[in-house]
Every structure is written in C-alpha cells, then in structure tokens.
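**Q** My questions all concern the structure below.
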There are 2 protein chains.
Amino acid sequence: MTQPTAHRRASIADVARAAGVSVGTVSNVLNRPERVLPGTRERVEAAIEDLSFVRNGSARQLRAGTITTIGAIVLDIANPFFTDVARGIEERLDRDDFTLMVASSDDDPDREQRYLRLFEEHGVQGVMVVPATNDIEHLLAVRRRGTGVVLLDRPSSDPSISSVAVDDVRGGELAAGHLLDEGHTRIVFLNGPHTIRQCADRHEGVLKALVAAGLDPASALLEVTVTSLNAEGGEAAIRGLLESGDRPTAVFCVNDLVALGVLRTLRTENIAVPTDMAVVGYDDVSFAAELSTPLTSVRQPTHELGVRAADLLLSGTDAAAEHVMFQPTLVVRGSSSSSAT
Amino acid sequence: MTQPTAHRRASIADVARAAGVSVGTVSNVLNRPERVLPGTRERVEAAIEDLSFVRNGSARQLRAGTITTIGAIVLDIANPFFTDVARGIEERLDRDDFTLMVASSDDDPDREQRYLRLFEEHGVQGVMVVPATNDIEHLLAVRRRGTGVVLLDRPSSDPSISSVAVDDVRGGELAAGHLLDEGHTRIVFLNGPHTIRQCADRHEGVLKALVAAGLDPASALLEVTVTSLNAEGGEAAIRGLLESGDRPTAVFCVNDLVALGVLRTLRTENIAVPTDMAVVGYDDVSFAAELSTPLTSVRQPTHELGVRAADLLLSGTDAAAEHVMFQPTLVVRGSSSSSAT
DNA sequence: CCTGTGTCATGAAACGGTTCATAATGTAGC
DNA sequence: GCTACATTATGAACCGTTTCATGACACAGG
C-alpha cells in the first residue's frame with residue numbers, strides 16, 4: 001500500500017530506486033513508453049503508483065522548455081461578455097490540446113502586470129490580454145521576449161502584436177445614432193474610464209453620431225464615469241444623476257451589466273422605460289432579451305472573438321501580426337423604442 | 001538600447017556577466033535588494049533592463065519550492081454563479097498577495113483531471129474544485145500528496161478535505177415546497193446528471209418536499225436531465241417536454257441559466273408565467289429580479305462562499321479539515337406566484 | 001567466430017534559478 | 001597594531017526533470 005511520507009514529494013529518483021532502474025528509464029516510461037520493455041515498464045509503473053509520484057512540472061519545464069498552456073487576462077471575470085469570449089477560446093484551444101488559465105485584472109493595471117509577469121515567468125506559449133490601460137508598452141516587451149501576445153477586444157496599434165476586436169467606434173455610433181433617431185436630443189453616456197480603450201472608442205462613436213445629427217456634443221452629451229463596470233456601478237451612477245435633478249431622457253450604458261443596474265434602479269424609482277427614459281446597453285448578453293424591459297444592446301460576436309484570438313495565437317508563427325476587426329450590430333428592443341418587439 | 005536577441009531568453013548568468021557581478025548578487029538584487037550596495041544594485045538593475053531579463057519561474061520554483069498561486073476549477077466559467085464565487089475567492093486571496101488561476105472543466109471529469117494535474121505539477125499551494133463527479137478519490141490523492149484542496153459548493157464526505165458548500169438538499173426542498181404551497185401537485189425538475197453532487201442533492205430535497213406534502217414522487221415528479229446546464233440546455237429540455245404534449249404547471253430548474261432558457265421559450269410559445277406555468281430557478285443570479293417575469297430563485301451566498309473557501313485554503317494548516325455549510329434562502333418573485341412583488 | 005545491427009538501459013550533463021558557507025573588505029575598540 | 005565584528009560579494013551545491021552519447025546484450029548473416 002501507499003505509505004504517506006507526508007514530507008517530500010517522491011522524485012523520479014525515488015521511483016527509479018524503488019523499481020530498480022535508472023532515472024533515464026523512468027523518464028522514458030513517462031514520455032516514450034514504447035521504448036521501454038513491457039516488463040520494465042510495468043515495474044516502473046507499479047513504483048509510480050506505489051509512491052504516488054507526480055511529475056514536478058517546474059523541473060520538467062525547466063529542462064524541456066515548452067508548455068502547452070496559454071493565459072488570458074480579462075477585465076472582469078464576472079462579466080458574461082468576457083466569459084463568453086473565454087468559452088470561445090477554450091473551444092479552439094481544446095482542439096490542439098492546449099489548456100487555458102484565466103485571470104481577472106479588475107481594470108487594475110497593476111494586477112494586469114502581476115498576472116502578465118506570472119504567465120511569462122512560467123513560460124506560457126502565449127497570453128491574450130484585454131488591456132486595462134491605453135499603454136501597451138509592457139505587452140510589446142513581452143512580445144519582444146518571445147511570448148505570443150494577442151490583444152483581445154481591442155485593436156492593436158502595433159504591427160508586431162495581433163489583435164481581435166470589434167469596432168467600438170462603430171458600436172458607440174450605432175447606439176447613439178439609434179437614440180437620436182428615436183428623437184432624443186441629449187444623451188447621457190455612462191462610460192468607463194478612457195484609459196480603457198473600448199470606452200474611449202465608444203465615446204468617439206457617440207460624438208460622431210451627435211455631430212452627424214448636427215448637434216453640439218458640449219450640450220447634447222453628458223458623459224458620466226461609472227466607478228465600476230457592473231450593475232452596482234450603473235446603479236450608483238444613475239442614482240447620482242437623479243439626485244442631481246438632471247433627469248435625462250436617454251441613457252447609453254457602456255455594457256449590459258451597467259444597464260442592468262440602471263434598469264433596476266429606474267424600476268424601483270418608478271421611472272418608465274422607454275417612455276420616461278430610454279436605455280441602451282452594450283454586449284447583448286444572454287439575458288438582455290429577457291429583461292422586464294428587453295434591453296436594446298450592441299451585439300458583439302463574443303464566441304467568434306475568442307475562437308479567432310486562439311487561432312491567431314496557435315497559428316501565430318513569427319509571421320506578421322494579424323488584425324481582425326469584427327463589426328457590431330444593434331439589436332433594438334423595448335428599452336429604447338416603444339415600437340420594438 | 002535593447003538588442004533583440006530573439007533567440008534565448010537572458011538568464012541570470014547573462015545579467016551577472018553584463019553587470020560584472022556574480023549570479024548570487026543578481027539573485028540578491030532580485031530577492032533581497034537591501035543586502036546589496038546601492039551602486040552595485042543599480043548596475044545590476046541597468047543590466048536587467050538592458051537585457052530585458054525575466055526570471056524563469058520554473059527554475060525559481062524548482063529551487064525555492066513554493067509559489068503563491070492557487071487554482072480553481074469550476075464547472076462552467078460562463079455561469080455567473082461560479083464567477084461570483086471566483087470574485088469572492090480573488091478578494092480574499094488579494095489580501096495575502098496570492099494570485100488565482102481559473103479553469104473550467106465543463107462538467108467533464110477528464111478535463112477536471114487534466115487541469116488538476118496541471119495545477120499540481122506546477123506546485124500551486126492549493127486548489128479549489130467543484131467536482132464534476134461524485135467520486136473524489138483523485139482529490140484525496142492530491143491532498144495526500146500535500147497540496148491543499150477545498151471542495152467548492154459541495155460538502156465533503158471525507159474528513160481530510162475541507163469544504164464550503166450550501167445545503168442543496170434544503171435548497172431543493174425550499175423550491176419544491178414553495179411550488180407545492182402554490183397549489184401545484186406535479187413538478188417537472190430540469191436537473192443535471194446525478195453524478196454532479198449538487199444535482200443529486202437538490203433532487204433529494206425535492207423528494208423530501210413531495211413526501212412531506214403526502215405526494216407520491218413516482219407520479220408527482222418528472223425529472224428531466226438537461227444536456228448542458230445553461231440557457232440552451234433549458235430551452236431544449238422545455239421544448240422536448242412541450243412537444244411530447246406533457247405540459248406541466250410547475251418547472252423547477254437546476255440553475256438560473258436553465259430557467260432563463262425556459263422563460264425565453266415560454267415567451268416565444270406564448271405560455272403565460274406563472275398562470276400557465278410556474279418557474280423556479282436556482283442561484284439567484286444578478287439579473288433574476290430584472291427578468292420580464294422576475295424569477296423566483298434559491299439564493300446562495302456566492303461571494304461569501306468564495307471568501308470562506310479561500311480562507312480555508314490559506315489558513316488551512318495540516319489541522320483537521322473544516323466543513324462550512326451555508327443555508328440557502330428562497331426568493332419568491334413573479335415567475336412562481338402571482339401574488340409576489 | 002566475427003561483424004553488423006538493433007533493442008534497451010544507463011548515467012551524467014544541462015536547464016536557470018536560490019541559498020549558504022566562505023571570503024574579502026572596511027570599521028571600531030582597545 | 002591587533003582583534004572583533006559588520007557588511008558585501010562570491011561561487012558552488014542543489015532542486016527534479018529531460019536528453020543523449022554510450023554501453024550491454026542478443027541475434028542474424030557470412
């Protein structure tokens with residue numbers, strides 16, 4: 001039976017000793033069993049079982065160099081948008097027997113750095129990052145050192161780094177354009193910090209739509225920065241707005257979680273949607289259509305986004321980087337238009 | 001400036017050579033800078049910068065042994081329940097400067113094994129697992145070999161493994177009891193496979209409620225196994241049911257995503273909720289209250305669950321394992337009771 | 001009998017860090 | 001001037017694998 005040594009994990013040398021063979025042979029059993037005589041192999045396997053030996057991944061990797069893992073760093077692991085993307089990544093990686101580790105930066109550049117370093121130090125084949133800041137110098141450095149990097153949900157400004165993104169300027173334009181079409185002349189945009197590129201881009205799209213409609217952004221747009229990009233953030237922001245007495249007729253939210261917080265608040269405050277206030281979200285998460293007031297939202301091809309990103313990382317030789325840009329679409333529902341389904 | 005060697009990553013020896021010091025000194029700069037004379041330190045730091053040196057985590061770990069990372073394996077990374085738990089874990093780990101890596105087993109025991117092994121081989125301090133099967137022998141083995149293990153969302157049957165769970169029997173009982181109270185005499189339970197402990201437990205709870213009400217489970221309960229525990233699974237299951245002509249008056253879904261799929265389908269099929277069919281979910285995810293028919297659901301303290309799990313893992317010396325069991329609560333909303341808010 | 005060939009097993013080098021006993025140097029006290 | 005002691009730097013040993021040149025052995029062919 002197993003004797004729980006409890007002290008030091010069994011090493012390959014222990015196994016070799018127990019089986020009466022050399023370490024090289026044990027290694028061969030582990031990695032190229034066909035090169036070992038069945039009898040010997042069985043003896044070694046018995047010893048492995050007996051000592052409940054587990055390979056030391058660090059040593060293995062130190063010597064062998066490579067590893068079939070890739071890391072992903074997203075802004076918020078609790079946001080369905082990112083987890084849907086992650087599922088796409090997983091699906092693609094599975095085909096090549098790669099494994100995925102996900103970490104969440106929580107919009108914090110320091111945390112992003114920490115995880116990035118962790119992944120790099122542990123020699124992952126590549127990382128996919130949704131950068132928390134506009135500055136991607138640190139990612140370029142990682143790339144230069146030989147680790148694959150793909151920017152997720154964010155166009156790359158650098159030719160050496162691949163990216164898979166959705167046109168956020170267009171997305172912002174679609175959302176704002178729709179609200180303007182619905183007759184609104186002033187829009188409140190609950191946005192995240194512009195250090196997050198997606199936020200900056202969507203803002204730019206909103207401006208474009210306003211200008212196209214002949215409106216002056218200075219008066220027709222109020223951008224409010226939410227503290228955190230989730231339902232709580234949305235709730236806090238809209239509450240602040242209502243308390244200030246500035247009740248807009250149209251609110252565009254940087255994502256559906258924020259929109260969820262807004263809808264929740266408006267309901268408790270008895271403000272009718274869309275008649276008193278129109279709401280548009282972003283991401284078209286799975287539940288958007290099923291909300292009490294079905295949420296108009298900008299849809300992004302999440303799954304496809306993940307698949308393509310993984311594609312780029314896996315096939316990504318040292319060839320030129322690729323930049324994939326998907327187009328978002330607007331899904332109009334009851335939260336912004338009384339004539340919608 | 002940096003010269004992109006592009007070939008081999010710089011090692012500590014390269015840095016030492018460039019700075020004209022020994023490898024030991026470089027290591028000291030990295031780990032105990034206060035022991036190095038400022039002048040020397042600066043020289044080394046310059047060399048590090050210049051060669052864009054990154055520590056080799058494998059080598060470091062091989063020698064130093066320990067690492068401040070813990071791994072989590074959940075059933076489905078796209079399920080808000082698990083990501084909310086993950087956030088709780090992260091929050092707690094952050095306090096001790098630990099990092100979290102998340103992987104998703106997708107209910108597949110093989111994938112669970114693969115990730116478990118990966119984590120163990122790389123020497124994480126501990127793993128938190130939501131097991132995909134009833135058999136936790138492999139987890140016991142991991143524990144025996146010295147890696148911390150905490151069962152997530154699942155009571156432990158073994159004294160050597162800590163667990164943090166919510167009483168799923170009670171949860172099932174609450175849900176079914178409520179439907180019976182509402183006057184239903186037959187319940188359809190869209191459940192996952194019983195190999196997942198939570199599913200088996202919730203089923204047991206449903207049985208308990210039926211028996212307590214003096215009903216015969218054989219006729220009063222129809223358990224349908226959904227193919228996947230998400231909205232698509234729920235949609236497929238309820239569609240199958242409707243097509244078979246067996247239209248129940250009450251449906252209990254094993255989680256809110258499944259319930260979302262059910263609600264979505266019922267809406268397109270013009271079946272009124274709760275009058276024609278009552279629906280109860282599980283998890284009380286963030287959007288449950290905001291659905292077109294607000295979803296009655298069994299609430300679990302997700303965040304707290306994660307925090308406690310991380311607590312156990314971090315404080316978890318070799319002392320006896322702890323078993324934390326939270327109690328779920330039922331949140332009644334419009335999807336199951338016309339008198340609800 | 002000798003050579004050639006093929007199959008298995010061996011053992012030491014190498015991977016890139018950390019650690020620790022030791023050396024080198026400087027400073028203080030007497 | 002000598003000892004005692006603190007401060008810094010050194011370099012070799014070590015962590016647990018993989019890899020590869022080498023050896024041992026068996027067998028076939030001439």
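Quick note on naming: the chains in the structure tokens go A, B, ... in the order shown, residues restart at 1 in each chain, and ligands are numbered from 1 in order of appearance.
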Counting only C-alpha atoms (C1' of nucleotides), which residues of chain A come no farther than 7 Å from chain D, as a PyMOL selection string?

**A** chain A and resi 11+56+59-60+63-64

**Q** Give me, as a ChimeraX atom specification, the residues of stretch 215-328 of chain A that a backbone DSSP run labels helix (DSSP H, G or I).

**A** /A:217-220,231-243,256-268,288-290,302-315

**Q** Write the residues you've just listed into a file as a PDB file, in the first residue's frame, and include C-alpha atoms for each of them.

**A**
```pdb
ATOM      1  CA  PRO A 217     -21.677  67.493 -28.143  1.00  0.00           C
ATOM      2  CA  ALA A 218     -20.962  70.061 -25.469  1.00  0.00           C
ATOM      3  CA  SER A 219     -24.638  70.365 -24.687  1.00  0.00           C
ATOM      4  CA  ALA A 220     -26.081  67.199 -26.197  1.00  0.00           C
ATOM      5  CA  ALA A 231     -24.639  46.620 -12.045  1.00  0.00           C
ATOM      6  CA  GLU A 232     -23.599  48.344  -8.838  1.00  0.00           C
ATOM      7  CA  GLY A 233     -21.683  50.922 -10.819  1.00  0.00           C
ATOM      8  CA  GLY A 234     -24.676  51.538 -13.038  1.00  0.00           C
ATOM      9  CA  GLU A 235     -26.971  51.888 -10.077  1.00  0.00           C
ATOM     10  CA  ALA A 236     -24.699  54.353  -8.320  1.00  0.00           C
ATOM     11  CA  ALA A 237     -24.265  56.447 -11.448  1.00  0.00           C
ATOM     12  CA  ILE A 238     -27.924  56.743 -12.305  1.00  0.00           C
ATOM     13  CA  ARG A 239     -28.808  57.473  -8.705  1.00  0.00           C
ATOM     14  CA  GLY A 240     -26.285  60.254  -8.612  1.00  0.00           C
ATOM     15  CA  LEU A 241     -27.805  61.644 -11.750  1.00  0.00           C
ATOM     16  CA  LEU A 242     -31.356  61.514 -10.476  1.00  0.00           C
ATOM     17  CA  GLU A 243     -30.384  63.105  -7.194  1.00  0.00           C
ATOM     18  CA  ASP A 256     -25.170  45.449 -20.195  1.00  0.00           C
ATOM     19  CA  LEU A 257     -24.279  44.973 -16.556  1.00  0.00           C
ATOM     20  CA  VAL A 258     -24.263  48.715 -16.063  1.00  0.00           C
ATOM     21  CA  ALA A 259     -27.552  48.857 -17.960  1.00  0.00           C
ATOM     22  CA  LEU A 260     -28.931  46.193 -15.658  1.00  0.00           C
ATOM     23  CA  GLY A 261     -28.145  48.373 -12.666  1.00  0.00           C
ATOM     24  CA  VAL A 262     -29.809  51.322 -14.362  1.00  0.00           C
ATOM     25  CA  LEU A 263     -32.960  49.380 -15.220  1.00  0.00           C
ATOM     26  CA  ARG A 264     -33.150  48.017 -11.708  1.00  0.00           C
ATOM     27  CA  THR A 265     -32.933  51.492 -10.248  1.00  0.00           C
ATOM     28  CA  LEU A 266     -35.417  53.014 -12.643  1.00  0.00           C
ATOM     29  CA  ARG A 267     -37.894  50.311 -11.745  1.00  0.00           C
ATOM     30  CA  THR A 268     -37.636  50.962  -8.029  1.00  0.00           C
ATOM     31  CA  ALA A 288     -30.713  41.091 -22.404  1.00  0.00           C
ATOM     32  CA  ALA A 289     -33.758  39.974 -24.373  1.00  0.00           C
ATOM     33  CA  GLU A 290     -35.461  38.525 -21.331  1.00  0.00           C
ATOM     34  CA  THR A 302     -18.196  37.034 -28.482  1.00  0.00           C
ATOM     35  CA  HIS A 303     -17.697  33.403 -29.203  1.00  0.00           C
ATOM     36  CA  GLU A 304     -16.152  34.043 -32.590  1.00  0.00           C
ATOM     37  CA  LEU A 305     -13.930  36.647 -30.993  1.00  0.00           C
ATOM     38  CA  GLY A 306     -12.474  34.054 -28.663  1.00  0.00           C
ATOM     39  CA  VAL A 307     -12.056  31.445 -31.361  1.00  0.00           C
ATOM     40  CA  ARG A 308     -10.213  33.799 -33.661  1.00  0.00           C
ATOM     41  CA  ALA A 309      -7.980  35.042 -30.887  1.00  0.00           C
ATOM     42  CA  ALA A 310      -6.969  31.491 -30.030  1.00  0.00           C
ATOM     43  CA  ASP A 311      -6.480  30.824 -33.718  1.00  0.00           C
ATOM     44  CA  LEU A 312      -4.046  33.659 -34.042  1.00  0.00           C
ATOM     45  CA  LEU A 313      -2.103  32.599 -31.006  1.00  0.00           C
ATOM     46  CA  LEU A 314      -1.814  28.982 -32.064  1.00  0.00           C
ATOM     47  CA  SER A 315      -1.074  29.501 -35.702  1.00  0.00           C
TER      48      SER A 315
END
```

**Q** Counting only C-alpha atoms (C1' of nucleotides), which residues from chain C have an atom at most 8 Å from any atom of chain A, and could you show them as a list of chain:residue names?

**A** C:DC8, C:DA9, C:DT10, C:DG11, C:DA14, C:DC15, C:DG16

**Q** Just need the residues of chain A within 6 Å of chain B, counting only C-alpha atoms, so spit them out as a VMD selection string.

**A** chain A and resid 55 to 59 62 78 83 101 to 103 121 to 122 290 to 292

**Q** Write out as JSON, numbers by chain which residues come within 9 Å of stretch 182-191 of chain A when counting only C-alpha atoms (C1' of nucleotides), dropping same-chain ones fewer than 2 positions away.

**A** {"A": [176, 177, 178, 179, 180, 193, 194, 199, 200, 202, 203, 206, 210, 215, 217, 219, 220, 221, 222, 223, 224, 225, 226, 229, 234, 237, 238, 248, 249, 250, 251, 252, 253, 254, 255, 258, 259, 278, 336, 337]}

**Q** Quick one: residues within 8 Å of B:Val26, only C-alpha atoms (C1' of nucleotides), excluding same-chain residues fewer than 6 positions away - as a VMD selection string?

**A** chain B and resid 12 15 to 16 44

**Q** Write out, as a short mmCIF file (atom, residue, chain, number, x, y, z; two decimals), in the first residue's frame, the residues just selected, with C-alpha atoms.

**A**
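Resulting contents of part-v8.cif:
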```cif
data_model
loop_
_atom_site.label_atom_id
_atom_site.label_comp_id
_atom_site.auth_asym_id
_atom_site.auth_seq_id
_atom_site.Cartn_x
_atom_site.Cartn_y
_atom_site.Cartn_z
CA ILE B 12 20.68 35.39 -14.54
CA VAL B 15 22.85 39.61 -16.35
CA ALA B 16 25.69 38.84 -13.95
CA VAL B 44 22.55 45.10 -11.92
#
```
